[in-house]
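Below: entry_13.cif (mmCIF, C-alpha atoms)
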data_protein
#
loop_
_atom_site.group_PDB
_atom_site.id
_atom_site.type_symbol
_atom_site.label_atom_id
_atom_site.label_comp_id
_atom_site.auth_asym_id
_atom_site.auth_seq_id
_atom_site.Cartn_x
_atom_site.Cartn_y
_atom_site.Cartn_z
ATOM 1 C CA MET A 246 -10.541 -243.954 49.126
ATOM 2 C CA LEU A 247 -10.200 -240.395 50.422
ATOM 3 C CA GLU A 248 -13.985 -240.093 50.653
ATOM 4 C CA VAL A 249 -14.195 -243.281 52.742
ATOM 5 C CA ARG A 250 -11.472 -241.954 55.068
ATOM 6 C CA ASP A 251 -13.260 -238.607 55.375
ATOM 7 C CA THR A 252 -16.488 -240.395 56.309
ATOM 8 C CA ALA A 253 -14.715 -242.469 58.960
ATOM 9 C CA THR A 254 -13.020 -239.333 60.364
ATOM 10 C CA ASN A 255 -16.350 -237.491 60.566
ATOM 11 C CA GLU A 256 -17.923 -240.439 62.414
ATOM 12 C CA ARG A 257 -15.107 -240.389 64.987
ATOM 13 C CA ARG A 258 -15.587 -236.649 65.517
ATOM 14 C CA THR A 259 -19.350 -236.998 66.055
ATOM 15 C CA PRO A 260 -20.267 -237.041 69.771
ATOM 16 C CA LEU A 261 -21.332 -240.439 71.059
ATOM 17 C CA TYR A 262 -24.872 -239.297 71.898
ATOM 18 C CA ARG A 263 -25.410 -238.122 68.290
ATOM 19 C CA ARG A 264 -24.138 -241.230 66.483
ATOM 20 C CA PRO A 265 -26.791 -243.017 64.382
ATOM 21 C CA GLY A 266 -26.033 -246.422 65.897
ATOM 22 C CA LEU A 267 -26.808 -245.221 69.412
ATOM 23 C CA LEU A 268 -29.878 -243.258 68.333
ATOM 24 C CA ARG A 269 -31.301 -246.298 66.521
ATOM 25 C CA ALA A 270 -30.766 -248.419 69.646
ATOM 26 C CA LEU A 271 -32.692 -246.090 71.973
ATOM 27 C CA ALA A 272 -36.186 -247.212 70.911
ATOM 28 C CA PRO A 273 -35.496 -250.975 71.290
ATOM 29 C CA ILE A 274 -33.863 -250.389 74.696
ATOM 30 C CA ALA A 275 -36.866 -248.338 75.834
ATOM 31 C CA LEU A 276 -39.251 -251.079 74.669
ATOM 32 C CA LEU A 277 -37.256 -253.716 76.562
ATOM 33 C CA ALA A 278 -37.355 -251.606 79.725
ATOM 34 C CA LEU A 279 -41.116 -251.091 79.363
ATOM 35 C CA TRP A 280 -41.609 -254.817 78.752
ATOM 36 C CA GLN A 281 -39.595 -255.668 81.898
ATOM 37 C CA ILE A 282 -41.608 -253.228 84.029
ATOM 38 C CA VAL A 283 -44.989 -254.419 82.730
ATOM 39 C CA SER A 284 -44.173 -258.115 83.193
ATOM 40 C CA SER A 285 -42.362 -257.786 86.536
ATOM 41 C CA ASN A 286 -45.220 -255.841 88.113
ATOM 42 C CA GLY A 287 -47.777 -258.428 87.025
ATOM 43 C CA TRP A 288 -49.693 -256.056 84.772
ATOM 44 C CA VAL A 289 -49.619 -258.841 82.166
ATOM 45 C CA SER A 290 -49.742 -262.541 83.004
ATOM 46 C CA ALA A 291 -46.277 -264.127 83.031
ATOM 47 C CA LYS A 292 -47.714 -267.104 81.139
ATOM 48 C CA LYS A 293 -48.673 -264.823 78.260
ATOM 49 C CA LEU A 294 -45.711 -262.435 78.317
ATOM 50 C CA PRO A 295 -42.787 -263.395 80.564
ATOM 51 C CA ALA A 296 -40.277 -260.679 81.423
ATOM 52 C CA PRO A 297 -37.127 -260.251 79.281
ATOM 53 C CA SER A 298 -35.039 -261.585 82.168
ATOM 54 C CA VAL A 299 -37.104 -264.788 82.176
ATOM 55 C CA VAL A 300 -36.759 -265.093 78.400
ATOM 56 C CA LEU A 301 -32.997 -264.635 78.726
ATOM 57 C CA ASP A 302 -32.837 -267.393 81.337
ATOM 58 C CA ALA A 303 -34.776 -269.684 78.991
ATOM 59 C CA GLY A 304 -32.318 -268.905 76.215
ATOM 60 C CA LEU A 305 -29.380 -269.718 78.467
ATOM 61 C CA GLU A 306 -31.098 -272.974 79.362
ATOM 62 C CA ILE A 307 -31.388 -273.955 75.696
ATOM 63 C CA TYR A 308 -27.821 -272.832 75.006
ATOM 64 C CA ARG A 309 -26.340 -274.869 77.849
ATOM 65 C CA SER A 310 -28.260 -277.955 76.734
ATOM 66 C CA GLY A 311 -26.651 -277.704 73.266
ATOM 67 C CA GLN A 312 -30.003 -277.378 71.505
ATOM 68 C CA LEU A 313 -29.472 -273.794 70.380
ATOM 69 C CA GLY A 314 -26.254 -274.390 68.443
ATOM 70 C CA ASP A 315 -27.660 -277.422 66.620
ATOM 71 C CA ALA A 316 -30.932 -275.619 65.866
ATOM 72 C CA LEU A 317 -29.157 -272.549 64.457
ATOM 73 C CA LEU A 318 -26.947 -274.717 62.251
ATOM 74 C CA ILE A 319 -29.854 -276.659 60.756
ATOM 75 C CA SER A 320 -32.137 -273.631 60.320
ATOM 76 C CA GLY A 321 -29.264 -271.612 58.852
ATOM 77 C CA GLN A 322 -28.594 -274.320 56.274
ATOM 78 C CA ARG A 323 -32.258 -274.376 55.264
ATOM 79 C CA ALA A 324 -32.368 -270.600 54.912
ATOM 80 C CA LEU A 325 -29.086 -270.534 52.962
ATOM 81 C CA PHE A 326 -30.020 -273.274 50.485
ATOM 82 C CA GLY A 327 -33.495 -271.816 49.992
ATOM 83 C CA PHE A 328 -32.101 -268.323 49.464
ATOM 84 C CA LEU A 329 -29.469 -269.439 46.956
ATOM 85 C CA LEU A 330 -32.024 -271.430 44.960
ATOM 86 C CA GLY A 331 -34.639 -268.683 44.939
ATOM 87 C CA ALA A 332 -32.179 -265.855 44.300
ATOM 88 C CA GLY A 333 -30.444 -267.693 41.453
ATOM 89 C CA LEU A 334 -33.723 -268.406 39.670
ATOM 90 C CA ALA A 335 -34.974 -264.864 40.274
ATOM 91 C CA LEU A 336 -31.887 -263.232 38.744
ATOM 92 C CA VAL A 337 -31.906 -265.472 35.684
ATOM 93 C CA LEU A 338 -35.644 -265.312 34.955
ATOM 94 C CA ALA A 339 -35.897 -261.576 35.654
ATOM 95 C CA THR A 340 -33.036 -260.893 33.238
ATOM 96 C CA VAL A 341 -34.622 -263.038 30.531
ATOM 97 C CA ALA A 342 -38.045 -261.436 31.044
ATOM 98 C CA ALA A 343 -36.700 -257.876 31.107
ATOM 99 C CA LEU A 344 -34.389 -258.033 28.096
ATOM 100 C CA GLY A 345 -36.779 -259.298 25.433
ATOM 101 C CA LYS A 346 -40.416 -259.300 24.401
ATOM 102 C CA VAL A 347 -40.537 -263.097 24.248
ATOM 103 C CA GLY A 348 -39.448 -263.429 27.861
ATOM 104 C CA GLU A 349 -41.745 -260.608 28.940
ATOM 105 C CA TYR A 350 -44.827 -262.223 27.376
ATOM 106 C CA THR A 351 -44.069 -265.866 28.219
ATOM 107 C CA LEU A 352 -42.438 -265.689 31.654
ATOM 108 C CA ASP A 353 -43.818 -262.639 33.421
ATOM 109 C CA PRO A 354 -47.602 -263.336 33.279
ATOM 110 C CA PRO A 355 -47.506 -266.840 34.849
ATOM 111 C CA LEU A 356 -44.996 -265.680 37.466
ATOM 112 C CA GLN A 357 -47.274 -262.788 38.408
ATOM 113 C CA MET A 358 -50.118 -265.278 38.841
ATOM 114 C CA ILE A 359 -48.040 -267.509 41.126
ATOM 115 C CA ARG A 360 -46.952 -264.452 43.129
ATOM 116 C CA THR A 361 -50.517 -263.874 44.342
ATOM 117 C CA ILE A 362 -50.822 -267.353 45.911
ATOM 118 C CA PRO A 363 -50.338 -267.208 49.725
ATOM 119 C CA LEU A 364 -47.296 -269.102 50.950
ATOM 120 C CA PHE A 365 -49.336 -270.874 53.625
ATOM 121 C CA GLY A 366 -51.730 -272.117 50.956
ATOM 122 C CA LEU A 367 -48.936 -274.004 49.212
ATOM 123 C CA ILE A 368 -47.932 -276.075 52.247
ATOM 124 C CA PRO A 369 -50.415 -278.948 51.616
ATOM 125 C CA LEU A 370 -49.449 -279.075 47.946
ATOM 126 C CA PHE A 371 -45.728 -279.100 48.712
ATOM 127 C CA ILE A 372 -46.235 -281.926 51.203
ATOM 128 C CA ILE A 373 -48.060 -283.966 48.558
ATOM 129 C CA TRP A 374 -45.381 -283.255 45.945
ATOM 130 C CA PHE A 375 -42.199 -283.486 48.033
ATOM 131 C CA GLY A 376 -43.135 -285.318 51.232
ATOM 132 C CA ILE A 377 -42.267 -284.089 54.720
ATOM 133 C CA GLY A 378 -38.469 -284.081 54.481
ATOM 134 C CA GLU A 379 -36.135 -281.171 53.790
ATOM 135 C CA GLU A 380 -37.240 -280.555 50.185
ATOM 136 C CA PRO A 381 -40.575 -278.790 50.873
ATOM 137 C CA LYS A 382 -38.931 -276.565 53.495
ATOM 138 C CA ILE A 383 -36.189 -275.438 51.127
ATOM 139 C CA TYR A 384 -38.594 -274.973 48.211
ATOM 140 C CA LEU A 385 -40.968 -272.862 50.317
ATOM 141 C CA ILE A 386 -38.086 -270.608 51.371
ATOM 142 C CA ALA A 387 -36.909 -270.388 47.751
ATOM 143 C CA LEU A 388 -40.408 -269.392 46.622
ATOM 144 C CA GLY A 389 -40.618 -266.704 49.281
ATOM 145 C CA VAL A 390 -37.197 -265.373 48.298
ATOM 146 C CA PHE A 391 -37.892 -265.472 44.567
ATOM 147 C CA PHE A 392 -40.495 -262.776 44.018
ATOM 148 C CA PRO A 393 -39.023 -259.722 45.803
ATOM 149 C CA LEU A 394 -35.719 -260.215 43.997
ATOM 150 C CA TYR A 395 -37.411 -261.025 40.678
ATOM 151 C CA LEU A 396 -39.574 -257.886 40.782
ATOM 152 C CA ASN A 397 -36.712 -255.581 41.771
ATOM 153 C CA THR A 398 -34.313 -257.042 39.208
ATOM 154 C CA TYR A 399 -36.933 -256.861 36.455
ATOM 155 C CA SER A 400 -37.746 -253.254 37.371
ATOM 156 C CA GLY A 401 -34.089 -252.278 37.612
ATOM 157 C CA ILE A 402 -33.283 -253.615 34.146
ATOM 158 C CA ARG A 403 -36.380 -252.134 32.522
ATOM 159 C CA GLN A 404 -35.582 -248.704 33.946
ATOM 160 C CA LEU A 405 -32.084 -248.595 32.466
ATOM 161 C CA ASP A 406 -31.340 -245.716 30.144
ATOM 162 C CA PRO A 407 -32.023 -246.943 26.565
ATOM 163 C CA LYS A 408 -28.884 -245.084 25.487
ATOM 164 C CA LEU A 409 -26.874 -247.408 27.698
ATOM 165 C CA LEU A 410 -28.222 -250.474 25.911
ATOM 166 C CA GLU A 411 -27.703 -248.773 22.559
ATOM 167 C CA LEU A 412 -24.077 -248.168 23.510
ATOM 168 C CA GLY A 413 -23.605 -251.890 24.035
ATOM 169 C CA ARG A 414 -24.988 -252.648 20.580
ATOM 170 C CA THR A 415 -22.885 -249.920 19.002
ATOM 171 C CA LEU A 416 -19.722 -251.342 20.576
ATOM 172 C CA GLN A 417 -20.819 -254.807 19.419
ATOM 173 C CA LEU A 418 -20.532 -256.217 22.928
ATOM 174 C CA THR A 419 -21.610 -259.792 23.497
ATOM 175 C CA LEU A 420 -24.549 -260.527 25.772
ATOM 176 C CA VAL A 421 -22.210 -261.600 28.566
ATOM 177 C CA GLU A 422 -20.198 -258.376 28.210
ATOM 178 C CA ARG A 423 -23.341 -256.251 28.192
ATOM 179 C CA LEU A 424 -24.570 -257.984 31.315
ATOM 180 C CA GLY A 425 -21.265 -257.622 33.159
ATOM 181 C CA LEU A 426 -20.366 -254.107 32.056
ATOM 182 C CA LEU A 427 -23.680 -252.310 31.548
ATOM 183 C CA ILE A 428 -26.851 -254.074 32.632
ATOM 184 C CA VAL A 429 -25.932 -255.526 36.025
ATOM 185 C CA PRO A 430 -24.009 -252.426 37.250
ATOM 186 C CA GLY A 431 -26.854 -250.179 36.066
ATOM 187 C CA ALA A 432 -29.526 -252.258 37.799
ATOM 188 C CA LEU A 433 -27.408 -253.057 40.874
ATOM 189 C CA PRO A 434 -29.056 -250.541 43.265
ATOM 190 C CA GLN A 435 -32.473 -252.062 42.588
ATOM 191 C CA ILE A 436 -31.095 -255.612 42.726
ATOM 192 C CA LEU A 437 -29.575 -254.988 46.163
ATOM 193 C CA VAL A 438 -32.906 -253.656 47.413
ATOM 194 C CA GLY A 439 -34.427 -256.925 46.229
ATOM 195 C CA VAL A 440 -31.709 -258.915 48.023
ATOM 196 C CA ARG A 441 -32.473 -257.144 51.302
ATOM 197 C CA GLN A 442 -36.194 -257.783 50.929
ATOM 198 C CA SER A 443 -35.592 -261.407 49.939
ATOM 199 C CA LEU A 444 -33.389 -262.056 52.971
ATOM 200 C CA GLY A 445 -36.141 -260.773 55.235
ATOM 201 C CA ILE A 446 -38.686 -262.987 53.485
ATOM 202 C CA ALA A 447 -36.270 -265.939 53.743
ATOM 203 C CA TRP A 448 -36.440 -265.869 57.537
ATOM 204 C CA LEU A 449 -40.217 -265.387 57.483
ATOM 205 C CA SER A 450 -40.533 -268.315 55.089
ATOM 206 C CA LEU A 451 -38.286 -270.385 57.342
ATOM 207 C CA VAL A 452 -40.765 -269.913 60.190
ATOM 208 C CA VAL A 453 -43.527 -271.205 57.900
ATOM 209 C CA ALA A 454 -41.416 -274.026 56.469
ATOM 210 C CA GLU A 455 -40.377 -275.348 59.857
ATOM 211 C CA GLN A 456 -44.005 -275.993 60.718
ATOM 212 C CA ILE A 457 -43.853 -278.966 58.315
ATOM 213 C CA ASN A 458 -43.033 -281.868 60.607
ATOM 214 C CA ALA A 459 -39.660 -280.425 61.614
ATOM 215 C CA SER A 460 -37.645 -282.783 63.822
ATOM 216 C CA ALA A 461 -34.729 -280.372 64.202
ATOM 217 C CA GLY A 462 -33.990 -276.688 63.837
ATOM 218 C CA LEU A 463 -35.181 -273.520 65.506
ATOM 219 C CA GLY A 464 -38.774 -274.136 64.460
ATOM 220 C CA PHE A 465 -38.704 -277.536 66.144
ATOM 221 C CA VAL A 466 -37.472 -275.942 69.392
ATOM 222 C CA VAL A 467 -40.296 -273.378 69.249
ATOM 223 C CA ASN A 468 -42.982 -275.958 68.431
ATOM 224 C CA ASN A 469 -41.741 -278.274 71.157
ATOM 225 C CA ALA A 470 -41.854 -275.416 73.669
ATOM 226 C CA ARG A 471 -45.409 -274.607 72.584
ATOM 227 C CA GLU A 472 -46.489 -278.160 73.414
ATOM 228 C CA PHE A 473 -45.213 -277.701 76.988
ATOM 229 C CA LEU A 474 -46.596 -274.134 77.254
ATOM 230 C CA ARG A 475 -43.069 -272.671 77.569
ATOM 231 C CA THR A 476 -43.896 -269.156 76.407
ATOM 232 C CA ASP A 477 -40.448 -267.958 77.427
ATOM 233 C CA ILE A 478 -38.747 -270.364 74.994
ATOM 234 C CA VAL A 479 -41.227 -269.522 72.226
ATOM 235 C CA ILE A 480 -40.488 -265.793 72.591
ATOM 236 C CA PHE A 481 -36.755 -266.475 72.751
ATOM 237 C CA GLY A 482 -36.961 -268.442 69.480
ATOM 238 C CA LEU A 483 -38.864 -265.603 67.796
ATOM 239 C CA LEU A 484 -36.254 -263.123 68.997
ATOM 240 C CA ILE A 485 -33.526 -265.307 67.493
ATOM 241 C CA TYR A 486 -35.375 -265.279 64.162
ATOM 242 C CA SER A 487 -35.541 -261.472 64.275
ATOM 243 C CA LEU A 488 -31.858 -261.125 65.215
ATOM 244 C CA LEU A 489 -30.853 -263.392 62.337
ATOM 245 C CA GLY A 490 -32.874 -261.203 59.985
ATOM 246 C CA LEU A 491 -31.263 -258.027 61.335
ATOM 247 C CA ALA A 492 -27.783 -259.527 61.054
ATOM 248 C CA THR A 493 -28.178 -260.577 57.421
ATOM 249 C CA ASP A 494 -29.753 -257.222 56.556
ATOM 250 C CA ALA A 495 -26.801 -255.409 58.135
ATOM 251 C CA ILE A 496 -24.384 -257.507 56.056
ATOM 252 C CA VAL A 497 -26.203 -256.632 52.826
ATOM 253 C CA ARG A 498 -26.336 -252.958 53.792
ATOM 254 C CA ALA A 499 -22.561 -252.960 54.322
ATOM 255 C CA LEU A 500 -22.043 -254.648 50.956
ATOM 256 C CA GLU A 501 -24.436 -252.155 49.380
ATOM 257 C CA LEU A 502 -22.450 -249.192 50.691
ATOM 258 C CA ARG A 503 -19.251 -250.717 49.356
ATOM 259 C CA ALA A 504 -20.659 -251.752 45.972
ATOM 260 C CA LEU A 505 -22.376 -248.411 45.340
ATOM 261 C CA ARG A 506 -19.541 -246.082 46.362
ATOM 262 C CA TRP A 507 -19.387 -244.889 42.769
ATOM 263 C CA ARG A 508 -22.939 -243.531 43.032
ATOM 264 C CA THR A 509 -22.044 -241.473 46.115
ATOM 265 C CA SER A 510 -19.060 -240.042 44.263
ATOM 266 C CA VAL A 511 -21.231 -239.107 41.276
ATOM 267 C CA ASP A 512 -23.847 -237.472 43.499
ATOM 268 C CA ARG A 513 -21.192 -235.383 45.226
ATOM 269 C CA ARG A 514 -19.740 -234.234 41.913
ATOM 270 C CA ASN A 515 -23.191 -233.262 40.651
ATOM 271 C CA THR A 516 -23.857 -231.130 43.740
ATOM 272 C CA ARG A 517 -20.673 -229.150 43.330
#
So that I can check it, write out the structure of this file as structure tokens.
Amino acid sequence: MLEVRDTATNERRTPLYRRPGLLRALAPIALLALWQIVSSNGWVSAKKLPAPSVVLDAGLEIYRSGQLGDALLISGQRALFGFLLGAGLALVLATVAALGKVGEYTLDPPLQMIRTIPLFGLIPLFIIWFGIGEEPKIYLIALGVFFPLYLNTYSGIRQLDPKLLELGRTLQLTLVERLGLLIVPGALPQILVGVRQSLGIAWLSLVVAEQINASAGLGFVVNNAREFLRTDIVIFGLLIYSLLGLATDAIVRALELRALRWRTSVDRRNTR
């Protein structure tokens, strides 16, 4: 607790122009300014790259019409359900594959084969299997989410100190106790890296999934704008996708800092 307070105090003492948040924002602000100058002066056709101010106006237009709120709700539900399905399967199968030879030899090889199949290549097959409703969209997102988290969880468990696992056997801990007390905490840094990667892939997969006959959602808004050559709305939709990805990544990073405070404490003790 004292270390957290010290960190917060140090951040308040840091001059505004040297704070990481401001420094990280400088490059995006500069790019926006450059984009505005290039588009406003006609150096690039407005039909191909409208100025940020035009894109903002298009976003306000969608917001006032009520489309944006409905689209975000529907797309968010798809991303959430797909992420939960893919992440749940990834954690379970990675644990089974990493903890025993049977799982390693029976689960890992076919999963590695499926991992090499492009997500776009599965769209026709998913349409044949599941139709054009919500199921193929959610399953595509789940598949995109699955592999980054599976690989990181598998790697995190396999890299655990063998003495740690031996301690669990010596103490005669049950499998559930070993998972809760030793395995998951030990592999947690790698698992959280996988969660961050999977969340990014979830939004990318959502873009792909919403190309499947979507009648609602952010992808539908973008596709509809494409039909009417509304480049400003298309760019606004893509920016919303990127902002959603940044927001979820920031949430996981905050949780990561909180969940791994013990590692910071250990590192500080070792440097003393």
| task | Give me the residues within 12 Å of Arg475 in chain A as a ChimeraX atom specification, counting only C-alpha atoms and dropping any in the same chain fewer than 6 places off. | result | /A:291-295,299-300,303-304,307,466-469,481-482
| said: List the spatial neighbours of Tyr399 in chain A as an MDAnalysis selection string - criterion: any atom at most 7 Å away, only C-alpha atoms, same-chain residues fewer than 6 positions off excluded. | reply: chainID A and resid 339:340 343
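Between CA of Val390 in chain A and CA of Ala332 in chain A there is a distance of 6.4 Å.
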| request: Please provide as a list in words all residues within 7 Å of range 432-443 of chain A, with the sequence filter that same-chain residues fewer than 4 positions apart are discarded (counting only C-alpha atoms). | output: Val390, Pro393, Leu394, Asn397, Thr398, Gly401, Ile402, Leu405, Ile428, Ala447, Asp494, Val497 and Glu501 of chain A
| query | Using the chain letters and numbers from the file, which residues does the PyMOL selection byres ((chain A and resi 314) around 12) grab, as JSON, numbers by chain? | reply | {"A": [304, 305, 307, 308, 309, 310, 311, 312, 313, 315, 316, 317, 318, 319, 320, 321, 461, 462, 463, 466, 485]}
| request: Would you mind reading off the distance between CA of Gly490 in chain A and CA of Ile446 in chain A, one decimal, in Å? | output: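 It comes out at 8.9 Å.
We find CA of Val289 in chain A and CA of Ile480 in chain A to be spaced 14.9 Å apart.
With all atoms listed in the file as the basis for measurement, A:Lys382 is the residue among A:Arg498, A:Lys382, A:Arg503, A:Arg423 that approaches Val453 in chain A most closely.
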| message | Residues proximal to (-26.2, -257.5, 29.2) were defined as those with any atom within 12 Å of that point in the file's coordinates, counting only C-alpha atoms. Which are they, as a ChimeraX atom specification? | response | /A:337,340-341,343-345,402-403,405,409-414,417-432
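Within the file as shown, the PyMOL selection byres ((chain A and resi 324) around 8) identifies Ser320, Gly321, Gln322, Arg323, Leu325, Phe326, Gly327, Phe328, Ile383, Ile386, Ala447, Trp448 and Leu451 of chain A.
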| request: Using only C-alpha atoms, pick whichever of A:Met358, A:Ser450, A:Leu505, A:Ile457 has the shortest atom-to-atom distance to Leu370 in chain A. | output: A:Ile457
| field | Proximity to Leu364 in chain A - best of A:Leu488, A:Leu385, A:Leu396, A:Ala495, only C-alpha atoms | value |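 Of the candidates, the smallest distance to Leu364 in chain A is held by A:Leu385.
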| Closest of A:Ala278, A:Ala296, A:Ala499, A:Ala454 to Phe365 in chain A - atom-to-atom distances counting all atoms listed in the file |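 Nearest candidate to Phe365 in chain A out of A:Ala278, A:Ala296, A:Ala499, A:Ala454: A:Ala454.
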| request: Tell me which of A:Ser285, A:Arg269, A:Gly445, A:Lys408 sits closest to Ser298 in chain A, counting all atoms listed in the file. | output: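 Smallest distance to Ser298 in chain A is found for A:Ser285.
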| request: Counting all atoms listed in the file, figure out which residue out of A:Gly378, A:Gly333, A:Gly389, A:Gly348 gets nearest to Ile362 in chain A. | output: A:Gly389
